file run_13.cif (mmCIF, C-alpha atoms)
data_work
#
loop_
_atom_site.group_PDB
_atom_site.id
_atom_site.type_symbol
_atom_site.label_atom_id
_atom_site.label_comp_id
_atom_site.auth_asym_id
_atom_site.auth_seq_id
_atom_site.Cartn_x
_atom_site.Cartn_y
_atom_site.Cartn_z
ATOM 1 C CA MET A 1 -52.030 -29.353 -64.596
ATOM 2 C CA SER A 2 -54.591 -26.982 -65.991
ATOM 3 C CA GLN A 3 -58.086 -26.575 -64.661
ATOM 4 C CA SER A 4 -59.529 -28.561 -67.580
ATOM 5 C CA ASP A 5 -57.429 -31.584 -66.548
ATOM 6 C CA LEU A 6 -59.144 -31.875 -63.179
ATOM 7 C CA PRO A 7 -61.571 -34.813 -62.840
ATOM 8 C CA ARG A 8 -65.206 -33.720 -62.674
ATOM 9 C CA LYS A 9 -66.929 -36.064 -65.111
ATOM 10 C CA GLU A 10 -68.691 -38.936 -63.404
ATOM 11 C CA ALA A 11 -67.365 -42.209 -64.843
ATOM 12 C CA THR A 12 -68.916 -44.829 -62.531
ATOM 13 C CA VAL A 13 -71.071 -45.116 -59.439
ATOM 14 C CA LEU A 14 -70.197 -47.959 -57.057
ATOM 15 C CA ARG A 15 -73.228 -49.156 -55.127
ATOM 16 C CA GLY A 16 -73.500 -51.898 -52.532
ATOM 17 C CA HIS A 17 -73.074 -50.360 -49.107
ATOM 18 C CA GLU A 18 -76.208 -50.051 -47.007
ATOM 19 C CA GLY A 19 -76.110 -46.620 -45.394
ATOM 20 C CA ALA A 20 -73.324 -44.060 -45.225
ATOM 21 C CA VAL A 21 -69.919 -44.787 -46.773
ATOM 22 C CA LEU A 22 -67.372 -43.350 -44.336
ATOM 23 C CA ALA A 23 -64.169 -43.768 -46.378
ATOM 24 C CA ALA A 24 -63.005 -44.778 -49.848
ATOM 25 C CA ARG A 25 -59.307 -45.160 -50.661
ATOM 26 C CA PHE A 26 -57.280 -46.042 -53.732
ATOM 27 C CA ASN A 27 -54.661 -48.719 -53.224
ATOM 28 C CA GLY A 28 -50.979 -47.903 -53.859
ATOM 29 C CA ASP A 29 -51.015 -48.205 -57.654
ATOM 30 C CA GLY A 30 -54.541 -46.879 -58.088
ATOM 31 C CA ASN A 31 -55.922 -49.988 -59.809
ATOM 32 C CA TYR A 32 -58.298 -50.859 -56.978
ATOM 33 C CA CYS A 33 -60.081 -49.114 -54.160
ATOM 34 C CA LEU A 34 -61.427 -50.033 -50.752
ATOM 35 C CA SER A 35 -64.470 -48.594 -49.038
ATOM 36 C CA CYS A 36 -66.002 -48.959 -45.582
ATOM 37 C CA GLY A 37 -69.077 -47.722 -43.842
ATOM 38 C CA LYS A 38 -71.983 -47.764 -41.456
ATOM 39 C CA ASP A 39 -73.050 -51.254 -42.609
ATOM 40 C CA ARG A 40 -69.978 -52.735 -40.813
ATOM 41 C CA THR A 41 -68.422 -53.957 -44.058
ATOM 42 C CA ILE A 42 -65.303 -53.256 -46.099
ATOM 43 C CA ARG A 43 -65.575 -53.626 -49.861
ATOM 44 C CA LEU A 44 -62.907 -54.094 -52.520
ATOM 45 C CA TRP A 45 -63.625 -52.688 -56.001
ATOM 46 C CA ASN A 46 -62.150 -52.210 -59.411
ATOM 47 C CA PRO A 47 -63.388 -48.614 -59.708
ATOM 48 C CA HIS A 48 -62.284 -48.213 -63.346
ATOM 49 C CA ARG A 49 -64.526 -51.057 -64.482
ATOM 50 C CA GLY A 50 -67.186 -50.533 -61.843
ATOM 51 C CA ILE A 51 -66.795 -54.052 -60.439
ATOM 52 C CA HIS A 52 -67.308 -55.163 -56.843
ATOM 53 C CA ILE A 53 -64.685 -57.844 -56.061
ATOM 54 C CA LYS A 54 -65.037 -58.817 -52.400
ATOM 55 C CA THR A 55 -66.738 -57.928 -49.118
ATOM 56 C CA TYR A 56 -65.012 -58.235 -45.732
ATOM 57 C CA LYS A 57 -67.233 -58.746 -42.689
ATOM 58 C CA SER A 58 -66.229 -59.078 -39.069
ATOM 59 C CA HIS A 59 -66.661 -55.668 -37.454
ATOM 60 C CA GLY A 60 -69.373 -55.351 -34.836
ATOM 61 C CA ARG A 61 -70.017 -51.674 -35.496
ATOM 62 C CA GLU A 62 -69.426 -49.113 -38.255
ATOM 63 C CA VAL A 63 -66.063 -49.191 -40.064
ATOM 64 C CA ARG A 64 -64.452 -45.753 -40.149
ATOM 65 C CA ASP A 65 -61.170 -46.262 -41.967
ATOM 66 C CA VAL A 66 -59.263 -48.777 -44.063
ATOM 67 C CA HIS A 67 -55.717 -48.980 -45.462
ATOM 68 C CA VAL A 68 -53.989 -51.555 -47.665
ATOM 69 C CA THR A 69 -50.314 -52.552 -47.925
ATOM 70 C CA ALA A 70 -48.222 -51.564 -50.944
ATOM 71 C CA ASP A 71 -48.206 -55.173 -52.189
ATOM 72 C CA ASN A 72 -52.030 -55.397 -51.783
ATOM 73 C CA SER A 73 -51.768 -58.553 -49.653
ATOM 74 C CA LYS A 74 -53.003 -57.238 -46.286
ATOM 75 C CA LEU A 75 -55.430 -54.590 -45.134
ATOM 76 C CA ILE A 76 -56.336 -52.974 -41.835
ATOM 77 C CA SER A 77 -59.604 -51.480 -40.686
ATOM 78 C CA CYS A 78 -60.991 -49.777 -37.600
ATOM 79 C CA GLY A 79 -64.195 -48.318 -36.287
ATOM 80 C CA GLY A 80 -66.835 -48.153 -33.606
ATOM 81 C CA ASP A 81 -66.033 -51.514 -32.009
ATOM 82 C CA ARG A 82 -62.688 -50.149 -30.656
ATOM 83 C CA GLN A 83 -60.596 -52.777 -32.434
ATOM 84 C CA ILE A 84 -58.159 -52.790 -35.327
ATOM 85 C CA TYR A 85 -58.643 -55.698 -37.716
ATOM 86 C CA TYR A 86 -55.692 -57.029 -39.715
ATOM 87 C CA TRP A 87 -56.920 -58.943 -42.801
ATOM 88 C CA ASP A 88 -55.611 -61.197 -45.525
ATOM 89 C CA VAL A 89 -56.906 -59.570 -48.706
ATOM 90 C CA SER A 90 -57.238 -62.664 -50.894
ATOM 91 C CA THR A 91 -58.891 -65.004 -48.383
ATOM 92 C CA GLY A 92 -60.859 -62.362 -46.480
ATOM 93 C CA ARG A 93 -59.663 -63.913 -43.223
ATOM 94 C CA VAL A 94 -58.935 -61.824 -40.103
ATOM 95 C CA ILE A 95 -55.291 -62.555 -39.218
ATOM 96 C CA ARG A 96 -55.343 -60.628 -35.952
ATOM 97 C CA ARG A 97 -57.374 -58.161 -33.917
ATOM 98 C CA PHE A 98 -55.588 -55.484 -31.965
ATOM 99 C CA ARG A 99 -57.369 -54.311 -28.814
ATOM 100 C CA GLY A 100 -56.384 -51.506 -26.486
ATOM 101 C CA HIS A 101 -58.266 -48.360 -27.436
ATOM 102 C CA ASP A 102 -60.812 -47.359 -24.797
ATOM 103 C CA SER A 103 -63.214 -45.950 -27.353
ATOM 104 C CA GLU A 104 -63.973 -45.778 -31.096
ATOM 105 C CA VAL A 105 -61.006 -45.833 -33.487
ATOM 106 C CA ASN A 106 -61.104 -43.082 -36.129
ATOM 107 C CA ALA A 107 -58.157 -43.803 -38.437
ATOM 108 C CA VAL A 108 -55.481 -46.400 -39.243
ATOM 109 C CA LYS A 109 -52.318 -46.466 -41.353
ATOM 110 C CA PHE A 110 -49.594 -48.950 -42.215
ATOM 111 C CA ASN A 111 -46.005 -47.784 -42.160
ATOM 112 C CA GLU A 112 -43.973 -47.997 -45.366
ATOM 113 C CA TYR A 113 -42.874 -51.602 -44.754
ATOM 114 C CA ALA A 114 -46.304 -52.763 -43.525
ATOM 115 C CA SER A 115 -44.629 -54.029 -40.344
ATOM 116 C CA VAL A 116 -46.311 -51.518 -38.059
ATOM 117 C CA ILE A 117 -49.834 -50.088 -37.777
ATOM 118 C CA VAL A 118 -50.671 -46.729 -36.197
ATOM 119 C CA SER A 119 -54.224 -46.038 -35.058
ATOM 120 C CA ALA A 120 -55.924 -42.816 -33.956
ATOM 121 C CA GLY A 121 -58.636 -42.989 -31.340
ATOM 122 C CA TYR A 122 -61.496 -41.169 -29.721
ATOM 123 C CA ASP A 123 -59.668 -41.903 -26.443
ATOM 124 C CA ARG A 124 -57.198 -39.060 -27.241
ATOM 125 C CA SER A 125 -54.380 -41.434 -28.189
ATOM 126 C CA LEU A 126 -52.306 -42.721 -31.071
ATOM 127 C CA ARG A 127 -51.334 -46.375 -30.655
ATOM 128 C CA VAL A 128 -48.609 -48.293 -32.459
ATOM 129 C CA TRP A 129 -48.979 -52.033 -33.149
ATOM 130 C CA ASP A 130 -46.483 -54.600 -34.412
ATOM 131 C CA CYS A 131 -47.931 -56.751 -37.215
ATOM 132 C CA ARG A 132 -45.191 -59.341 -36.937
ATOM 133 C CA SER A 133 -45.437 -60.083 -33.221
ATOM 134 C CA HIS A 134 -48.217 -62.253 -31.837
ATOM 135 C CA SER A 135 -48.935 -59.768 -29.090
ATOM 136 C CA THR A 136 -52.183 -57.853 -29.423
ATOM 137 C CA GLU A 137 -50.924 -55.105 -27.085
ATOM 138 C CA PRO A 138 -49.645 -51.797 -28.514
ATOM 139 C CA ILE A 139 -45.869 -51.340 -28.591
ATOM 140 C CA GLN A 140 -46.258 -47.595 -28.044
ATOM 141 C CA ILE A 141 -49.000 -45.237 -26.828
ATOM 142 C CA ILE A 142 -48.894 -41.508 -27.555
ATOM 143 C CA ASP A 143 -51.406 -39.780 -25.311
ATOM 144 C CA SER A 144 -50.437 -36.119 -25.205
ATOM 145 C CA PHE A 145 -53.577 -35.016 -27.090
ATOM 146 C CA LEU A 146 -56.341 -33.246 -25.194
ATOM 147 C CA ASP A 147 -59.230 -34.546 -27.312
ATOM 148 C CA SER A 148 -60.167 -37.174 -29.898
ATOM 149 C CA VAL A 149 -57.469 -37.939 -32.508
ATOM 150 C CA MET A 150 -59.218 -37.977 -35.891
ATOM 151 C CA SER A 151 -56.504 -38.600 -38.445
ATOM 152 C CA VAL A 152 -52.965 -39.948 -38.755
ATOM 153 C CA CYS A 153 -50.164 -39.696 -41.345
ATOM 154 C CA LEU A 154 -46.793 -41.460 -41.379
ATOM 155 C CA THR A 155 -43.406 -40.643 -42.838
ATOM 156 C CA LYS A 156 -40.306 -42.842 -42.621
ATOM 157 C CA THR A 157 -39.451 -41.475 -39.185
ATOM 158 C CA GLU A 158 -42.502 -39.601 -37.915
ATOM 159 C CA ILE A 159 -46.071 -40.116 -36.775
ATOM 160 C CA ILE A 160 -48.356 -37.112 -37.344
ATOM 161 C CA GLY A 161 -51.763 -36.830 -35.688
ATOM 162 C CA GLY A 162 -54.590 -34.338 -36.119
ATOM 163 C CA SER A 163 -56.939 -33.783 -33.194
ATOM 164 C CA VAL A 164 -60.179 -32.107 -32.169
ATOM 165 C CA ASP A 165 -58.035 -30.234 -29.602
ATOM 166 C CA GLY A 166 -56.954 -28.026 -32.526
ATOM 167 C CA THR A 167 -53.422 -29.368 -32.869
ATOM 168 C CA VAL A 168 -51.375 -31.220 -35.421
ATOM 169 C CA ARG A 169 -48.653 -33.052 -33.488
ATOM 170 C CA THR A 170 -45.555 -34.606 -35.034
ATOM 171 C CA PHE A 171 -43.672 -37.336 -33.160
ATOM 172 C CA ASP A 172 -40.146 -38.166 -34.290
ATOM 173 C CA ILE A 173 -39.801 -41.819 -33.345
ATOM 174 C CA ARG A 174 -35.996 -41.861 -33.700
ATOM 175 C CA ILE A 175 -35.270 -39.131 -31.173
ATOM 176 C CA GLY A 176 -38.503 -39.123 -29.189
ATOM 177 C CA ARG A 177 -39.312 -35.490 -29.933
ATOM 178 C CA GLU A 178 -42.798 -34.015 -30.189
ATOM 179 C CA LEU A 179 -43.692 -30.872 -32.154
ATOM 180 C CA SER A 180 -47.129 -29.325 -31.832
ATOM 181 C CA ASP A 181 -48.784 -26.826 -34.196
ATOM 182 C CA ASP A 182 -51.915 -25.244 -32.756
ATOM 183 C CA LEU A 183 -54.443 -24.286 -35.442
ATOM 184 C CA GLY A 184 -57.004 -22.999 -32.953
ATOM 185 C CA GLN A 185 -59.823 -25.017 -34.566
ATOM 186 C CA PRO A 186 -60.784 -28.705 -34.312
ATOM 187 C CA VAL A 187 -58.825 -30.747 -36.904
ATOM 188 C CA ASN A 188 -60.744 -33.642 -38.457
ATOM 189 C CA CYS A 189 -58.439 -34.768 -41.273
ATOM 190 C CA ILE A 190 -54.780 -34.363 -42.199
ATOM 191 C CA SER A 191 -52.890 -35.419 -45.315
ATOM 192 C CA LEU A 192 -49.354 -34.975 -46.588
ATOM 193 C CA SER A 193 -48.313 -33.345 -49.831
ATOM 194 C CA ASN A 194 -46.682 -35.762 -52.278
ATOM 195 C CA ASP A 195 -43.299 -34.069 -51.857
ATOM 196 C CA GLY A 196 -43.657 -34.530 -48.079
ATOM 197 C CA ASN A 197 -42.986 -30.854 -47.323
ATOM 198 C CA CYS A 198 -46.494 -29.802 -46.284
ATOM 199 C CA ILE A 199 -49.398 -30.945 -44.142
ATOM 200 C CA LEU A 200 -52.945 -30.168 -45.245
ATOM 201 C CA ALA A 201 -55.397 -29.992 -42.339
ATOM 202 C CA SER A 202 -59.176 -29.879 -42.590
ATOM 203 C CA CYS A 203 -60.679 -27.888 -39.719
ATOM 204 C CA LEU A 204 -64.255 -27.655 -38.453
ATOM 205 C CA ASP A 205 -64.484 -23.934 -39.230
ATOM 206 C CA SER A 206 -64.923 -24.767 -42.938
ATOM 207 C CA THR A 207 -61.265 -24.040 -43.678
ATOM 208 C CA LEU A 208 -58.409 -26.170 -45.007
ATOM 209 C CA ARG A 209 -54.989 -25.064 -43.757
ATOM 210 C CA LEU A 210 -51.640 -25.789 -45.386
ATOM 211 C CA LEU A 211 -48.672 -25.986 -43.014
ATOM 212 C CA ASP A 212 -44.955 -26.107 -43.696
ATOM 213 C CA ARG A 213 -43.883 -29.391 -42.153
ATOM 214 C CA THR A 214 -40.491 -28.231 -40.887
ATOM 215 C CA THR A 215 -41.388 -24.795 -39.507
ATOM 216 C CA GLY A 216 -45.106 -25.183 -38.752
ATOM 217 C CA GLU A 217 -45.734 -21.945 -40.662
ATOM 218 C CA LEU A 218 -49.259 -21.478 -42.022
ATOM 219 C CA LEU A 219 -48.732 -21.202 -45.786
ATOM 220 C CA GLN A 220 -52.299 -20.901 -47.067
ATOM 221 C CA GLU A 221 -56.000 -21.254 -46.207
ATOM 222 C CA TYR A 222 -58.699 -22.673 -48.509
ATOM 223 C CA LYS A 223 -62.367 -21.756 -48.068
ATOM 224 C CA GLY A 224 -65.759 -21.992 -49.726
ATOM 225 C CA HIS A 225 -66.860 -25.484 -48.699
ATOM 226 C CA ILE A 226 -68.889 -26.402 -45.604
ATOM 227 C CA CYS A 227 -67.203 -28.474 -42.899
ATOM 228 C CA LYS A 228 -68.682 -27.922 -39.460
ATOM 229 C CA SER A 229 -69.841 -31.202 -37.978
ATOM 230 C CA TYR A 230 -68.691 -34.130 -40.129
ATOM 231 C CA LYS A 231 -65.313 -35.699 -40.780
ATOM 232 C CA THR A 232 -64.610 -34.808 -44.418
ATOM 233 C CA ASP A 233 -61.357 -35.767 -46.101
ATOM 234 C CA CYS A 234 -58.975 -33.507 -47.947
ATOM 235 C CA CYS A 235 -55.888 -34.186 -50.054
ATOM 236 C CA LEU A 236 -53.611 -32.757 -52.715
ATOM 237 C CA THR A 237 -53.729 -33.859 -56.343
ATOM 238 C CA ASN A 238 -50.865 -36.130 -57.415
ATOM 239 C CA THR A 239 -48.914 -33.184 -58.866
ATOM 240 C CA ASP A 240 -49.401 -31.066 -55.709
ATOM 241 C CA ALA A 241 -50.782 -28.301 -57.942
ATOM 242 C CA HIS A 242 -54.273 -28.335 -56.463
ATOM 243 C CA VAL A 243 -55.975 -29.003 -53.148
ATOM 244 C CA THR A 244 -59.243 -30.921 -53.115
ATOM 245 C CA GLY A 245 -61.860 -31.565 -50.450
ATOM 246 C CA GLY A 246 -65.474 -32.473 -49.921
ATOM 247 C CA SER A 247 -68.277 -30.402 -48.499
ATOM 248 C CA GLU A 248 -71.254 -31.141 -46.271
ATOM 249 C CA ASP A 249 -73.605 -29.989 -49.052
ATOM 250 C CA GLY A 250 -72.382 -32.808 -51.332
ATOM 251 C CA SER A 251 -70.039 -30.782 -53.509
ATOM 252 C CA ILE A 252 -66.350 -31.218 -54.319
ATOM 253 C CA TYR A 253 -63.940 -28.288 -54.443
ATOM 254 C CA PHE A 254 -60.586 -27.844 -56.134
ATOM 255 C CA TRP A 255 -58.387 -24.945 -55.083
ATOM 256 C CA ASP A 256 -55.203 -23.618 -56.630
ATOM 257 C CA LEU A 257 -52.424 -24.601 -54.209
ATOM 258 C CA VAL A 258 -50.632 -21.263 -54.348
ATOM 259 C CA ASP A 259 -53.296 -18.547 -54.528
ATOM 260 C CA ALA A 260 -56.138 -20.577 -52.883
ATOM 261 C CA SER A 261 -58.683 -19.609 -55.530
ATOM 262 C CA VAL A 262 -61.506 -22.084 -56.233
ATOM 263 C CA VAL A 263 -60.702 -23.418 -59.717
ATOM 264 C CA SER A 264 -63.443 -26.035 -59.861
ATOM 265 C CA LYS A 265 -66.561 -26.887 -57.876
ATOM 266 C CA PHE A 266 -69.287 -29.368 -58.720
ATOM 267 C CA GLN A 267 -72.137 -31.267 -57.087
ATOM 268 C CA ALA A 268 -70.871 -34.820 -56.530
ATOM 269 C CA HIS A 269 -73.327 -36.327 -54.052
ATOM 270 C CA SER A 270 -76.770 -35.712 -52.617
ATOM 271 C CA SER A 271 -75.423 -35.587 -49.059
ATOM 272 C CA VAL A 272 -72.229 -35.014 -47.033
ATOM 273 C CA VAL A 273 -68.985 -36.002 -48.811
ATOM 274 C CA THR A 274 -67.022 -38.109 -46.325
ATOM 275 C CA SER A 275 -63.980 -38.997 -48.354
ATOM 276 C CA VAL A 276 -61.876 -37.978 -51.361
ATOM 277 C CA SER A 277 -59.022 -40.063 -52.733
ATOM 278 C CA TYR A 278 -56.909 -38.907 -55.676
ATOM 279 C CA HIS A 279 -55.376 -41.435 -58.058
ATOM 280 C CA PRO A 280 -51.579 -41.744 -57.534
ATOM 281 C CA LYS A 281 -50.779 -41.314 -61.256
ATOM 282 C CA ASP A 282 -53.825 -40.452 -63.381
ATOM 283 C CA ASN A 283 -56.218 -37.527 -63.254
ATOM 284 C CA SER A 284 -59.014 -39.446 -61.603
ATOM 285 C CA MET A 285 -60.464 -39.558 -58.118
ATOM 286 C CA ILE A 286 -63.024 -41.361 -55.996
ATOM 287 C CA THR A 287 -65.415 -39.790 -53.524
ATOM 288 C CA SER A 288 -67.727 -41.328 -50.947
ATOM 289 C CA SER A 289 -70.743 -39.980 -49.151
ATOM 290 C CA VAL A 290 -73.376 -40.356 -46.475
ATOM 291 C CA ASP A 291 -75.711 -40.969 -49.476
ATOM 292 C CA GLY A 292 -74.331 -44.540 -49.658
ATOM 293 C CA THR A 293 -72.457 -44.237 -52.947
ATOM 294 C CA ILE A 294 -68.837 -44.134 -54.096
ATOM 295 C CA ARG A 295 -68.318 -42.176 -57.290
ATOM 296 C CA VAL A 296 -65.427 -42.327 -59.739
ATOM 297 C CA TRP A 297 -64.469 -39.076 -61.481
ATOM 298 C CA LYS A 298 -62.352 -38.653 -64.624
ATOM 299 C CA THR A 299 -61.374 -35.719 -66.783
#
call {"tool": "encode", "arguments": {"input": "run_13.cif", "output": "structure tokens"}}
result
Amino acid sequence: MSQSDLPRKEATVLRGHEGAVLAARFNGDGNYCLSCGKDRTIRLWNPHRGIHIKTYKSHGREVRDVHVTADNSKLISCGGDRQIYYWDVSTGRVIRRFRGHDSEVNAVKFNEYASVIVSAGYDRSLRVWDCRSHSTEPIQIIDSFLDSVMSVCLTKTEIIGGSVDGTVRTFDIRIGRELSDDLGQPVNCISLSNDGNCILASCLDSTLRLLDRTTGELLQEYKGHICKSYKTDCCLTNTDAHVTGGSEDGSIYFWDLVDASVVSKFQAHSSVVTSVSYHPKDNSMITSSVDGTIRVWKT
């Protein structure tokens, strides 16, 4: 993908949230997106047509993260009220609430089969929940972190957490092994490359770090943006050719994966960019911000 193919033309602005939007995510096929924020709501959109479809309300405090199943039938959300909400997408009904975190919940993910949820909490733990059982208790608690767990990624056999304690820890659930990579700086977001070989970690020293997943080797560092006090997402483009991330000054950066040069930078929002989500197939992306908007970018 050449530099000119990167999305930087604003196609649509999605408005409706009152206050900061804390996350915006494409669904699995990229036809829809979900957003959540300070106004305690989750919203479902068709970002390509600029249409708001549905609002989900039940949280008592801000909603920090949201994830939808591959078949788009269920979604999960978490936030300041310490609970994980498991929703039916079409009816907007809460199927179950999972309680157990002692403090705010920062991130949630479904596993591949949408049978299990993993949540990352301010209480220094990752917790695993079974969607199919009627128990609201976690089936596993991973509490080897020394500070708030900000972000979680899942593979078929592993749970990966990024923490303010400066580590990215990988737990192999088949053999019960833990691997820890210490980055020496608070980690506020992690994401996997599409080929699954690398972990991209956003750190609070305004640096993104790319790690080899098997060896833990630091492959590259990406700089230029500002990330010192807010949780700002990062991810790789769908071809893994570029790294993208938001900045606290409202701009979006694209870096070349290999040589870490800034290939594109533009002003996307008037305030902190909280979230970036790249389309799974097309060259488009969505970004969200403390300024209350979600913006759709095309080439």
call {"tool": "closest_residue", "arguments": {"input": "run_13.cif", "among": "A:Pro47, A:Arg124, A:Gly100, A:Glu62", "to": "Ala20 in chain A", "atoms": "all atoms listed in the file"}}
result
A:Glu62
call {"tool": "resolve_selection", "arguments": {"input": "run_13.cif", "expression": "the PyMOL selection byres ((chain A and resi 145) around 10)", "output": "list in words"}}
result
Asp123, Arg124, Ser125, Leu126, Ile142, Asp143, Ser144, Leu146, Asp147, Ser148, Val149, Gly161, Gly162, Ser163, Val164, Asp165, Gly166, Thr167, Val168, Arg169 and Ser180 of chain A
call {"tool": "closest_residue", "arguments": {"input": "run_13.cif", "among": "A:Asn238, A:Ser229, A:Ser288, A:Asn27", "to": "Leu204 in chain A", "atoms": "all atoms listed in the file"}}
result
A:Ser229
call {"tool": "closest_residue", "arguments": {"input": "run_13.cif", "among": "A:Leu75, A:Met285, A:Ile51, A:Ile252", "to": "Val89 in chain A", "atoms": "only C-alpha atoms"}}
result
A:Leu75
call {"tool": "residues_around", "arguments": {"input": "run_13.cif", "residues": "Val21 in chain A", "least_positions_apart": "6", "cutoff": "8 Å", "atoms": "only C-alpha atoms", "output": "number ranges by chain"}}
result
A: 35-38, 274, 288-294
call {"tool": "write_last_selection", "arguments": {"input": "run_13.cif", "atoms": "C-alpha atoms", "output": "short mmCIF file (atom, residue, chain, number, x, y, z; two decimals), in the coordinates of the input"}}
result
data_model
loop_
_atom_site.label_atom_id
_atom_site.label_comp_id
_atom_site.auth_asym_id
_atom_site.auth_seq_id
_atom_site.Cartn_x
_atom_site.Cartn_y
_atom_site.Cartn_z
CA SER A 35 -64.47 -48.59 -49.04
CA CYS A 36 -66.00 -48.96 -45.58
CA GLY A 37 -69.08 -47.72 -43.84
CA LYS A 38 -71.98 -47.76 -41.46
CA THR A 274 -67.02 -38.11 -46.32
CA SER A 288 -67.73 -41.33 -50.95
CA SER A 289 -70.74 -39.98 -49.15
CA VAL A 290 -73.38 -40.36 -46.48
CA ASP A 291 -75.71 -40.97 -49.48
CA GLY A 292 -74.33 -44.54 -49.66
CA THR A 293 -72.46 -44.24 -52.95
CA ILE A 294 -68.84 -44.13 -54.10
#
call {"tool": "atom_distance", "arguments": {"input": "run_13.cif", "atom1": "CA of Ser270 in chain A", "atom2": "CA of Arg64 in chain A"}}
result
20.2 Å
call {"tool": "resolve_selection", "arguments": {"input": "run_13.cif", "expression": "the PyMOL selection byres ((chain A and resi 237) around 12)", "output": "count of residues only"}}
result
39
call {"tool": "resolve_selection", "arguments": {"input": "run_13.cif", "expression": "the PyMOL selection byres ((chain A and resi 214-218) around 10)", "output": "list in words"}}
result
Val168, Leu179, Ser180, Asp181, Asp182, Leu183, Asn197, Cys198, Ile199, Leu200, Arg209, Leu210, Leu211, Asp212, Arg213, Leu219, Gln220 and Glu221 of chain A
call {"tool": "residues_around", "arguments": {"input": "run_13.cif", "residues": "Ala268 in chain A", "least_positions_apart": "4", "cutoff": "8 Å", "atoms": "only C-alpha atoms", "output": "PyMOL selection string"}}
result
chain A and resi 250-252+287+295
call {"tool": "residues_around", "arguments": {"input": "run_13.cif", "residues": "Ile76 in chain A", "least_positions_apart": "6", "cutoff": "6 Å", "atoms": "all atoms listed in the file", "output": "ChimeraX atom specification"}}
result
/A:66-67,85-86
call {"tool": "write_last_selection", "arguments": {"input": "run_13.cif", "atoms": "C-alpha atoms", "output": "PDB file, in the coordinates of the input"}}
result
ATOM      1  CA  VAL A  66     -59.263 -48.777 -44.063  1.00  0.00           C
ATOM      2  CA  HIS A  67     -55.717 -48.980 -45.462  1.00  0.00           C
ATOM      3  CA  TYR A  85     -58.643 -55.698 -37.716  1.00  0.00           C
ATOM      4  CA  TYR A  86     -55.692 -57.029 -39.715  1.00  0.00           C
TER       5      TYR A  86
END
call {"tool": "atom_distance", "arguments": {"input": "run_13.cif", "atom1": "CA of Asp205 in chain A", "atom2": "CA of Ala23 in chain A"}}
result
21.1 Å
call {"tool": "residues_near_point", "arguments": {"input": "run_13.cif", "point": "(-65.2, -59.5, -48.6)", "cutoff": "8 Å", "atoms": "all atoms listed in the file", "output": "list in words"}}
result
Thr41, Ile42, Arg43, Leu44, Ile53, Lys54, Thr55, Tyr56, Lys57 and Gly92 of chain A
call {"tool": "atom_distance", "arguments": {"input": "run_13.cif", "atom1": "CA of Glu158 in chain A", "atom2": "CA of Gly196 in chain A"}}
result
11.4 Å
call {"tool": "residues_around", "arguments": {"input": "run_13.cif", "residues": "Arg61 in chain A", "least_positions_apart": "3", "cutoff": "8 Å", "atoms": "only C-alpha atoms", "output": "MDAnalysis selection string"}}
result
chainID A and resid 38:40 79:81
call {"tool": "closest_residue", "arguments": {"input": "run_13.cif", "among": "A:Arg174, A:Arg82, A:Lys228, A:Lys74", "to": "Cys131 in chain A", "atoms": "all atoms listed in the file"}}
result
A:Lys74
call {"tool": "residues_near_point", "arguments": {"input": "run_13.cif", "point": "(-48.9, -45.5, -40.8)", "cutoff": "8 Å", "atoms": "only C-alpha atoms", "output": "PyMOL selection string"}}
result
chain A and resi 108-112+116-119+152-155+159
call {"tool": "closest_residue", "arguments": {"input": "run_13.cif", "among": "A:Phe26, A:Trp297, A:Tyr222, A:Phe98", "to": "Val263 in chain A", "atoms": "all atoms listed in the file"}}
result
A:Tyr222
call {"tool": "residues_around", "arguments": {"input": "run_13.cif", "residues": "Asn188 in chain A", "least_positions_apart": "4", "cutoff": "6 Å", "atoms": "all atoms listed in the file", "output": "list in words"}}
result
Met150, Ser202, Cys203 and Lys231 of chain A
call {"tool": "decode", "arguments": {"input": "run_13.cif", "residues": "range 18-29 of chain A", "atoms": "C-alpha atoms", "output": "PDB file, in the first residue's frame"}}
result
ATOM      1  CA  GLU A  18     -22.703  13.910  24.767  1.00  0.00           C
ATOM      2  CA  GLY A  19     -19.133  14.400  25.948  1.00  0.00           C
ATOM      3  CA  ALA A  20     -16.000  12.409  25.199  1.00  0.00           C
ATOM      4  CA  VAL A  21     -16.147   9.309  22.989  1.00  0.00           C
ATOM      5  CA  LEU A  22     -13.786   6.798  24.606  1.00  0.00           C
ATOM      6  CA  ALA A  23     -13.764   4.068  21.933  1.00  0.00           C
ATOM      7  CA  ALA A  24     -15.013   3.390  18.411  1.00  0.00           C
ATOM      8  CA  ARG A  25     -14.644  -0.042  16.809  1.00  0.00           C
ATOM      9  CA  PHE A  26     -15.506  -1.580  13.460  1.00  0.00           C
ATOM     10  CA  ASN A  27     -17.381  -4.857  13.624  1.00  0.00           C
ATOM     11  CA  GLY A  28     -15.839  -7.994  12.071  1.00  0.00           C
ATOM     12  CA  ASP A  29     -16.741  -7.288   8.441  1.00  0.00           C
TER      13      ASP A  29
END
